[in-house]
$ cat entry_36.pdb   # PDB, C-alpha atoms
ATOM      1  CA  MET A   1    -138.084  85.390-117.443  1.00  0.00           C
ATOM      2  CA  VAL A   2    -136.720  81.933-118.188  1.00  0.00           C
ATOM      3  CA  GLY A   3    -133.670  82.894-120.171  1.00  0.00           C
ATOM      4  CA  SER A   4    -135.177  85.105-122.886  1.00  0.00           C
ATOM      5  CA  VAL A   5    -138.689  83.610-122.589  1.00  0.00           C
ATOM      6  CA  PRO A   6    -141.259  85.611-120.602  1.00  0.00           C
ATOM      7  CA  VAL A   7    -143.517  83.495-118.374  1.00  0.00           C
ATOM      8  CA  GLY A   8    -146.622  84.619-116.483  1.00  0.00           C
ATOM      9  CA  GLY A   9    -147.813  88.146-115.901  1.00  0.00           C
ATOM     10  CA  GLY A  10    -149.721  88.309-119.172  1.00  0.00           C
ATOM     11  CA  ALA A  11    -146.948  86.783-121.284  1.00  0.00           C
ATOM     12  CA  PRO A  12    -148.034  84.418-124.056  1.00  0.00           C
ATOM     13  CA  VAL A  13    -148.232  80.748-123.109  1.00  0.00           C
ATOM     14  CA  SER A  14    -144.830  79.159-123.684  1.00  0.00           C
ATOM     15  CA  ILE A  15    -144.240  75.564-124.702  1.00  0.00           C
ATOM     16  CA  GLN A  16    -142.052  73.531-122.341  1.00  0.00           C
ATOM     17  CA  SER A  17    -141.049  69.905-122.459  1.00  0.00           C
ATOM     18  CA  MET A  18    -138.952  67.619-120.312  1.00  0.00           C
ATOM     19  CA  LEU A  19    -136.103  65.554-121.674  1.00  0.00           C
ATOM     20  CA  ASN A  20    -136.107  61.791-121.163  1.00  0.00           C
ATOM     21  CA  THR A  21    -132.348  61.387-121.622  1.00  0.00           C
ATOM     22  CA  ARG A  22    -129.893  61.103-118.756  1.00  0.00           C
ATOM     23  CA  THR A  23    -128.538  64.555-118.007  1.00  0.00           C
ATOM     24  CA  THR A  24    -125.020  63.126-117.961  1.00  0.00           C
ATOM     25  CA  ASP A  25    -125.408  62.333-121.696  1.00  0.00           C
ATOM     26  CA  VAL A  26    -124.524  65.783-123.053  1.00  0.00           C
ATOM     27  CA  GLU A  27    -124.824  64.923-126.751  1.00  0.00           C
ATOM     28  CA  GLY A  28    -128.052  62.975-126.234  1.00  0.00           C
ATOM     29  CA  CYS A  29    -129.551  65.902-124.306  1.00  0.00           C
ATOM     30  CA  LEU A  30    -128.469  68.440-126.911  1.00  0.00           C
ATOM     31  CA  ALA A  31    -129.901  66.317-129.735  1.00  0.00           C
ATOM     32  CA  GLN A  32    -133.234  66.115-127.905  1.00  0.00           C
ATOM     33  CA  ILE A  33    -133.193  69.857-127.109  1.00  0.00           C
ATOM     34  CA  ARG A  34    -132.531  70.695-130.768  1.00  0.00           C
ATOM     35  CA  ALA A  35    -135.397  68.420-131.845  1.00  0.00           C
ATOM     36  CA  LEU A  36    -137.707  70.083-129.316  1.00  0.00           C
ATOM     37  CA  ALA A  37    -136.676  73.538-130.532  1.00  0.00           C
ATOM     38  CA  ALA A  38    -137.353  72.506-134.140  1.00  0.00           C
ATOM     39  CA  ALA A  39    -140.839  71.361-133.068  1.00  0.00           C
ATOM     40  CA  GLY A  40    -141.595  74.757-131.469  1.00  0.00           C
ATOM     41  CA  CYS A  41    -140.634  74.110-127.875  1.00  0.00           C
ATOM     42  CA  GLU A  42    -139.372  77.215-126.047  1.00  0.00           C
ATOM     43  CA  ILE A  43    -138.100  75.867-122.695  1.00  0.00           C
ATOM     44  CA  ALA A  44    -136.570  72.481-121.829  1.00  0.00           C
ATOM     45  CA  ARG A  45    -136.487  70.831-118.404  1.00  0.00           C
ATOM     46  CA  LEU A  46    -133.904  68.248-117.360  1.00  0.00           C
ATOM     47  CA  ALA A  47    -133.865  65.940-114.348  1.00  0.00           C
ATOM     48  CA  VAL A  48    -130.871  66.434-112.074  1.00  0.00           C
ATOM     49  CA  PRO A  49    -130.845  63.333-109.865  1.00  0.00           C
ATOM     50  CA  ASP A  50    -127.214  63.484-108.686  1.00  0.00           C
ATOM     51  CA  MET A  51    -124.088  65.641-108.563  1.00  0.00           C
ATOM     52  CA  GLU A  52    -122.663  64.161-111.772  1.00  0.00           C
ATOM     53  CA  ALA A  53    -125.766  65.404-113.608  1.00  0.00           C
ATOM     54  CA  ALA A  54    -125.485  68.822-111.936  1.00  0.00           C
ATOM     55  CA  GLU A  55    -121.831  69.138-112.910  1.00  0.00           C
ATOM     56  CA  THR A  56    -122.655  68.199-116.522  1.00  0.00           C
ATOM     57  CA  PHE A  57    -125.381  70.831-116.716  1.00  0.00           C
ATOM     58  CA  GLY A  58    -122.970  73.623-117.705  1.00  0.00           C
ATOM     59  CA  ALA A  59    -121.907  71.870-120.907  1.00  0.00           C
ATOM     60  CA  ILE A  60    -125.548  71.477-121.904  1.00  0.00           C
ATOM     61  CA  CYS A  61    -126.349  75.109-121.005  1.00  0.00           C
ATOM     62  CA  ALA A  62    -123.444  76.380-123.089  1.00  0.00           C
ATOM     63  CA  ALA A  63    -124.674  74.681-126.274  1.00  0.00           C
ATOM     64  CA  SER A  64    -128.450  74.703-125.780  1.00  0.00           C
ATOM     65  CA  PRO A  65    -130.621  76.737-128.157  1.00  0.00           C
ATOM     66  CA  LEU A  66    -133.341  76.783-125.459  1.00  0.00           C
ATOM     67  CA  PRO A  67    -133.426  78.076-121.884  1.00  0.00           C
ATOM     68  CA  LEU A  68    -133.056  75.208-119.414  1.00  0.00           C
ATOM     69  CA  VAL A  69    -134.810  74.281-116.181  1.00  0.00           C
ATOM     70  CA  ALA A  70    -133.098  71.987-113.661  1.00  0.00           C
ATOM     71  CA  ASP A  71    -135.570  69.630-111.988  1.00  0.00           C
ATOM     72  CA  ILE A  72    -134.242  69.147-108.429  1.00  0.00           C
ATOM     73  CA  HIS A  73    -135.517  66.767-105.767  1.00  0.00           C
ATOM     74  CA  PHE A  74    -134.358  66.543-102.166  1.00  0.00           C
ATOM     75  CA  ASP A  75    -130.717  67.725-102.416  1.00  0.00           C
ATOM     76  CA  TYR A  76    -130.262  71.488-102.304  1.00  0.00           C
ATOM     77  CA  ARG A  77    -126.611  71.117-103.334  1.00  0.00           C
ATOM     78  CA  LEU A  78    -127.770  70.006-106.787  1.00  0.00           C
ATOM     79  CA  ALA A  79    -129.688  73.275-107.182  1.00  0.00           C
ATOM     80  CA  LEU A  80    -126.659  75.289-106.061  1.00  0.00           C
ATOM     81  CA  GLU A  81    -124.413  73.515-108.569  1.00  0.00           C
ATOM     82  CA  CYS A  82    -126.906  74.016-111.409  1.00  0.00           C
ATOM     83  CA  VAL A  83    -127.043  77.732-110.609  1.00  0.00           C
ATOM     84  CA  ARG A  84    -123.225  77.809-110.784  1.00  0.00           C
ATOM     85  CA  GLN A  85    -123.415  75.959-114.106  1.00  0.00           C
ATOM     86  CA  GLY A  86    -125.694  78.599-115.674  1.00  0.00           C
ATOM     87  CA  VAL A  87    -129.233  77.192-115.425  1.00  0.00           C
ATOM     88  CA  ASP A  88    -132.080  79.504-116.437  1.00  0.00           C
ATOM     89  CA  LYS A  89    -134.611  78.248-113.864  1.00  0.00           C
ATOM     90  CA  ILE A  90    -134.748  75.821-110.937  1.00  0.00           C
ATOM     91  CA  ARG A  91    -137.693  73.513-110.189  1.00  0.00           C
ATOM     92  CA  ILE A  92    -137.911  72.500-106.548  1.00  0.00           C
ATOM     93  CA  ASN A  93    -140.395  71.555-103.920  1.00  0.00           C
ATOM     94  CA  PRO A  94    -139.027  73.689-101.045  1.00  0.00           C
ATOM     95  CA  GLY A  95    -140.666  71.347 -98.547  1.00  0.00           C
ATOM     96  CA  ASN A  96    -138.418  68.461 -99.582  1.00  0.00           C
ATOM     97  CA  ILE A  97    -135.170  70.440 -99.882  1.00  0.00           C
ATOM     98  CA  GLY A  98    -134.563  70.274 -96.142  1.00  0.00           C
ATOM     99  CA  SER A  99    -133.951  72.834 -93.430  1.00  0.00           C
ATOM    100  CA  ALA A 100    -134.686  76.537 -93.676  1.00  0.00           C
ATOM    101  CA  GLU A 101    -130.943  77.148 -94.121  1.00  0.00           C
ATOM    102  CA  LYS A 102    -130.881  74.908 -97.215  1.00  0.00           C
ATOM    103  CA  VAL A 103    -133.919  76.618 -98.737  1.00  0.00           C
ATOM    104  CA  ARG A 104    -132.278  79.982 -97.990  1.00  0.00           C
ATOM    105  CA  ALA A 105    -129.045  78.893 -99.687  1.00  0.00           C
ATOM    106  CA  VAL A 106    -130.964  78.020-102.868  1.00  0.00           C
ATOM    107  CA  ALA A 107    -133.012  81.237-102.724  1.00  0.00           C
ATOM    108  CA  ASP A 108    -129.880  83.346-102.174  1.00  0.00           C
ATOM    109  CA  ALA A 109    -128.011  81.707-105.066  1.00  0.00           C
ATOM    110  CA  CYS A 110    -130.988  82.097-107.401  1.00  0.00           C
ATOM    111  CA  ARG A 111    -131.571  85.728-106.378  1.00  0.00           C
ATOM    112  CA  ASP A 112    -127.876  86.580-106.879  1.00  0.00           C
ATOM    113  CA  ARG A 113    -127.926  85.182-110.442  1.00  0.00           C
ATOM    114  CA  GLY A 114    -131.466  86.204-111.427  1.00  0.00           C
ATOM    115  CA  VAL A 115    -132.681  82.605-111.644  1.00  0.00           C
ATOM    116  CA  PRO A 116    -136.419  82.072-111.043  1.00  0.00           C
ATOM    117  CA  ILE A 117    -137.689  79.138-108.997  1.00  0.00           C
ATOM    118  CA  ARG A 118    -140.610  76.980-110.058  1.00  0.00           C
ATOM    119  CA  ILE A 119    -142.442  75.490-107.099  1.00  0.00           C
ATOM    120  CA  GLY A 120    -143.723  72.081-108.128  1.00  0.00           C
ATOM    121  CA  VAL A 121    -146.517  70.557-106.032  1.00  0.00           C
ATOM    122  CA  ASN A 122    -147.732  67.049-106.883  1.00  0.00           C
ATOM    123  CA  GLY A 123    -150.892  65.457-105.551  1.00  0.00           C
ATOM    124  CA  GLY A 124    -148.959  62.232-105.070  1.00  0.00           C
ATOM    125  CA  SER A 125    -146.507  63.838-102.654  1.00  0.00           C
ATOM    126  CA  LEU A 126    -148.619  66.275-100.658  1.00  0.00           C
ATOM    127  CA  GLU A 127    -147.698  66.853 -97.042  1.00  0.00           C
ATOM    128  CA  ARG A 128    -149.344  64.395 -94.630  1.00  0.00           C
ATOM    129  CA  ASP A 129    -150.916  67.120 -92.526  1.00  0.00           C
ATOM    130  CA  LEU A 130    -152.700  68.548 -95.599  1.00  0.00           C
ATOM    131  CA  LEU A 131    -153.904  65.116 -96.685  1.00  0.00           C
ATOM    132  CA  GLN A 132    -155.314  64.551 -93.207  1.00  0.00           C
ATOM    133  CA  LYS A 133    -156.811  68.043 -92.956  1.00  0.00           C
ATOM    134  CA  TYR A 134    -158.648  67.780 -96.294  1.00  0.00           C
ATOM    135  CA  GLY A 135    -159.237  64.016 -96.396  1.00  0.00           C
ATOM    136  CA  GLY A 136    -157.029  63.463 -99.429  1.00  0.00           C
ATOM    137  CA  VAL A 137    -155.860  65.303-102.520  1.00  0.00           C
ATOM    138  CA  THR A 138    -158.146  68.307-102.994  1.00  0.00           C
ATOM    139  CA  ALA A 139    -157.778  71.603-104.810  1.00  0.00           C
ATOM    140  CA  GLN A 140    -157.469  73.403-101.470  1.00  0.00           C
ATOM    141  CA  ALA A 141    -154.739  71.009-100.303  1.00  0.00           C
ATOM    142  CA  LEU A 142    -152.758  71.673-103.502  1.00  0.00           C
ATOM    143  CA  VAL A 143    -153.190  75.429-103.089  1.00  0.00           C
ATOM    144  CA  ASP A 144    -152.246  75.377 -99.394  1.00  0.00           C
ATOM    145  CA  SER A 145    -149.118  73.376-100.178  1.00  0.00           C
ATOM    146  CA  ALA A 146    -148.067  75.722-102.990  1.00  0.00           C
ATOM    147  CA  LEU A 147    -148.681  78.861-100.957  1.00  0.00           C
ATOM    148  CA  GLY A 148    -146.835  77.356 -97.990  1.00  0.00           C
ATOM    149  CA  HIS A 149    -143.817  76.855-100.255  1.00  0.00           C
ATOM    150  CA  VAL A 150    -144.184  80.414-101.553  1.00  0.00           C
ATOM    151  CA  ARG A 151    -144.036  81.632 -97.941  1.00  0.00           C
ATOM    152  CA  LEU A 152    -140.836  79.619 -97.383  1.00  0.00           C
ATOM    153  CA  LEU A 153    -139.214  81.426-100.311  1.00  0.00           C
ATOM    154  CA  ASN A 154    -140.701  84.807 -99.372  1.00  0.00           C
ATOM    155  CA  ASP A 155    -139.201  84.363 -95.876  1.00  0.00           C
ATOM    156  CA  CYS A 156    -135.852  84.152 -97.698  1.00  0.00           C
ATOM    157  CA  ASN A 157    -136.582  87.463 -99.473  1.00  0.00           C
ATOM    158  CA  PHE A 158    -137.186  85.612-102.751  1.00  0.00           C
ATOM    159  CA  ASP A 159    -140.192  86.234-104.971  1.00  0.00           C
ATOM    160  CA  ASP A 160    -139.218  85.366-108.572  1.00  0.00           C
ATOM    161  CA  ILE A 161    -141.513  82.347-108.422  1.00  0.00           C
ATOM    162  CA  CYS A 162    -143.640  80.225-110.754  1.00  0.00           C
ATOM    163  CA  ILE A 163    -146.185  77.805-109.296  1.00  0.00           C
ATOM    164  CA  SER A 164    -147.087  74.428-110.742  1.00  0.00           C
ATOM    165  CA  VAL A 165    -149.652  72.117-109.175  1.00  0.00           C
ATOM    166  CA  LYS A 166    -150.762  68.805-110.571  1.00  0.00           C
ATOM    167  CA  CYS A 167    -152.740  65.750-109.724  1.00  0.00           C
ATOM    168  CA  SER A 168    -154.203  62.947-111.789  1.00  0.00           C
ATOM    169  CA  ARG A 169    -157.775  64.239-111.456  1.00  0.00           C
ATOM    170  CA  VAL A 170    -158.200  67.001-114.046  1.00  0.00           C
ATOM    171  CA  PRO A 171    -161.203  68.764-112.399  1.00  0.00           C
ATOM    172  CA  VAL A 172    -159.296  68.995-109.098  1.00  0.00           C
ATOM    173  CA  ASN A 173    -156.240  70.319-110.928  1.00  0.00           C
ATOM    174  CA  MET A 174    -158.307  72.931-112.783  1.00  0.00           C
ATOM    175  CA  GLU A 175    -159.989  74.069-109.575  1.00  0.00           C
ATOM    176  CA  ALA A 176    -156.597  74.431-107.854  1.00  0.00           C
ATOM    177  CA  TYR A 177    -155.421  76.720-110.655  1.00  0.00           C
ATOM    178  CA  ARG A 178    -158.631  78.747-110.442  1.00  0.00           C
ATOM    179  CA  MET A 179    -158.076  79.148-106.723  1.00  0.00           C
ATOM    180  CA  LEU A 180    -154.421  80.095-107.192  1.00  0.00           C
ATOM    181  CA  HIS A 181    -155.434  82.666-109.800  1.00  0.00           C
ATOM    182  CA  GLU A 182    -157.703  84.306-107.229  1.00  0.00           C
TER     183      GLU A 182
END
$ encode --input "entry_36.pdb" --output "structure tokens"
Amino acid sequence: MVGSVPVGGGAPVSIQSMLNTRTTDVEGCLAQIRALAAAGCEIARLAVPDMEAAETFGAICAASPLPLVADIHFDYRLALECVRQGVDKIRINPGNIGSAEKVRAVADACRDRGVPIRIGVNGGSLERDLLQKYGGVTAQALVDSALGHVRLLNDCNFDDICISVKCSRVPVNMEAYRMLHE
């Protein structure tokens, strides 16, 4: 569940969009969220590039008509603050959050508040060892990366997970999803 919106497990496909406003601009974000909701969007994602954005997240959550996803890169403290601020879902790449202790801190906070984690794997930022093993961005490399991140979270006793993989080559992306489905 992302807020009140079911995702996965046979749930209907939900429409999600990402804001292009700075997360520190509360009114700008809320205006964009309301416009997305009016257009049929069901979930909104916001970039959280710094602590100021994370600390502002609560004001947006409090007034948002849609469930919100915090898009976190590199700094686990941003994820922890967004959880404190009331986020409905966190998007991370556990491999770039840092040490096992940092991943565990995010997993523990999310588990305690019932916040799912979306693992986001991008072809443009695959791990070097997978790129070398498979000779570049392949469906298997995307799948191995995603499942490796799932294992990191499972090792933290966390399993409320969504997986997203993407690359610029549509057939490779489709094959990765077929493989993940299996």
$ atom_distance --input "entry_36.pdb" --atom1 "CA of Asp75 in chain A" --atom2 "CA of Ile43 in chain A"
23.1 Å
$ residues_around --input "entry_36.pdb" --residues "Ser125 in chain A" --least-positions-apart "5" --cutoff "10 Å" --atoms "only C-alpha atoms" --output "PyMOL selection string"
chain A and resi 93+96+131+137+167
$ closest_residue --input "entry_36.pdb" --among "A:Asp129, A:Asp25, A:Asp88, A:Asp144" --to "Gly114 in chain A" --atoms "only C-alpha atoms"
A:Asp88
$ atom_distance --input "entry_36.pdb" --atom1 "CA of Ile15 in chain A" --atom2 "CA of Glu55 in chain A"
26.1 Å
$ closest_residue --input "entry_36.pdb" --among "A:Glu101, A:Asp155, A:Asp50, A:Glu42" --to "Cys82 in chain A" --atoms "all atoms listed in the file"
A:Asp50
$ resolve_selection --input "entry_36.pdb" --expression "the PyMOL selection byres ((chain A and resi 111) around 12)" --output "list in words"
Leu80, Val83, Asp88, Lys89, Ile90, Arg104, Ala105, Val106, Ala107, Asp108, Ala109, Cys110, Asp112, Arg113, Gly114, Val115, Pro116, Ile117, Leu153, Asn154, Cys156, Asn157, Phe158, Asp159, Asp160 and Ile161 of chain A
$ resolve_selection --input "entry_36.pdb" --expression "the PyMOL selection byres ((chain A and resi 64) around 10)" --output "list in words"
Cys29, Leu30, Ala31, Ile33, Arg34, Ala37, Ala44, Gly58, Ala59, Ile60, Cys61, Ala62, Ala63, Pro65, Leu66, Pro67 and Leu68 of chain A
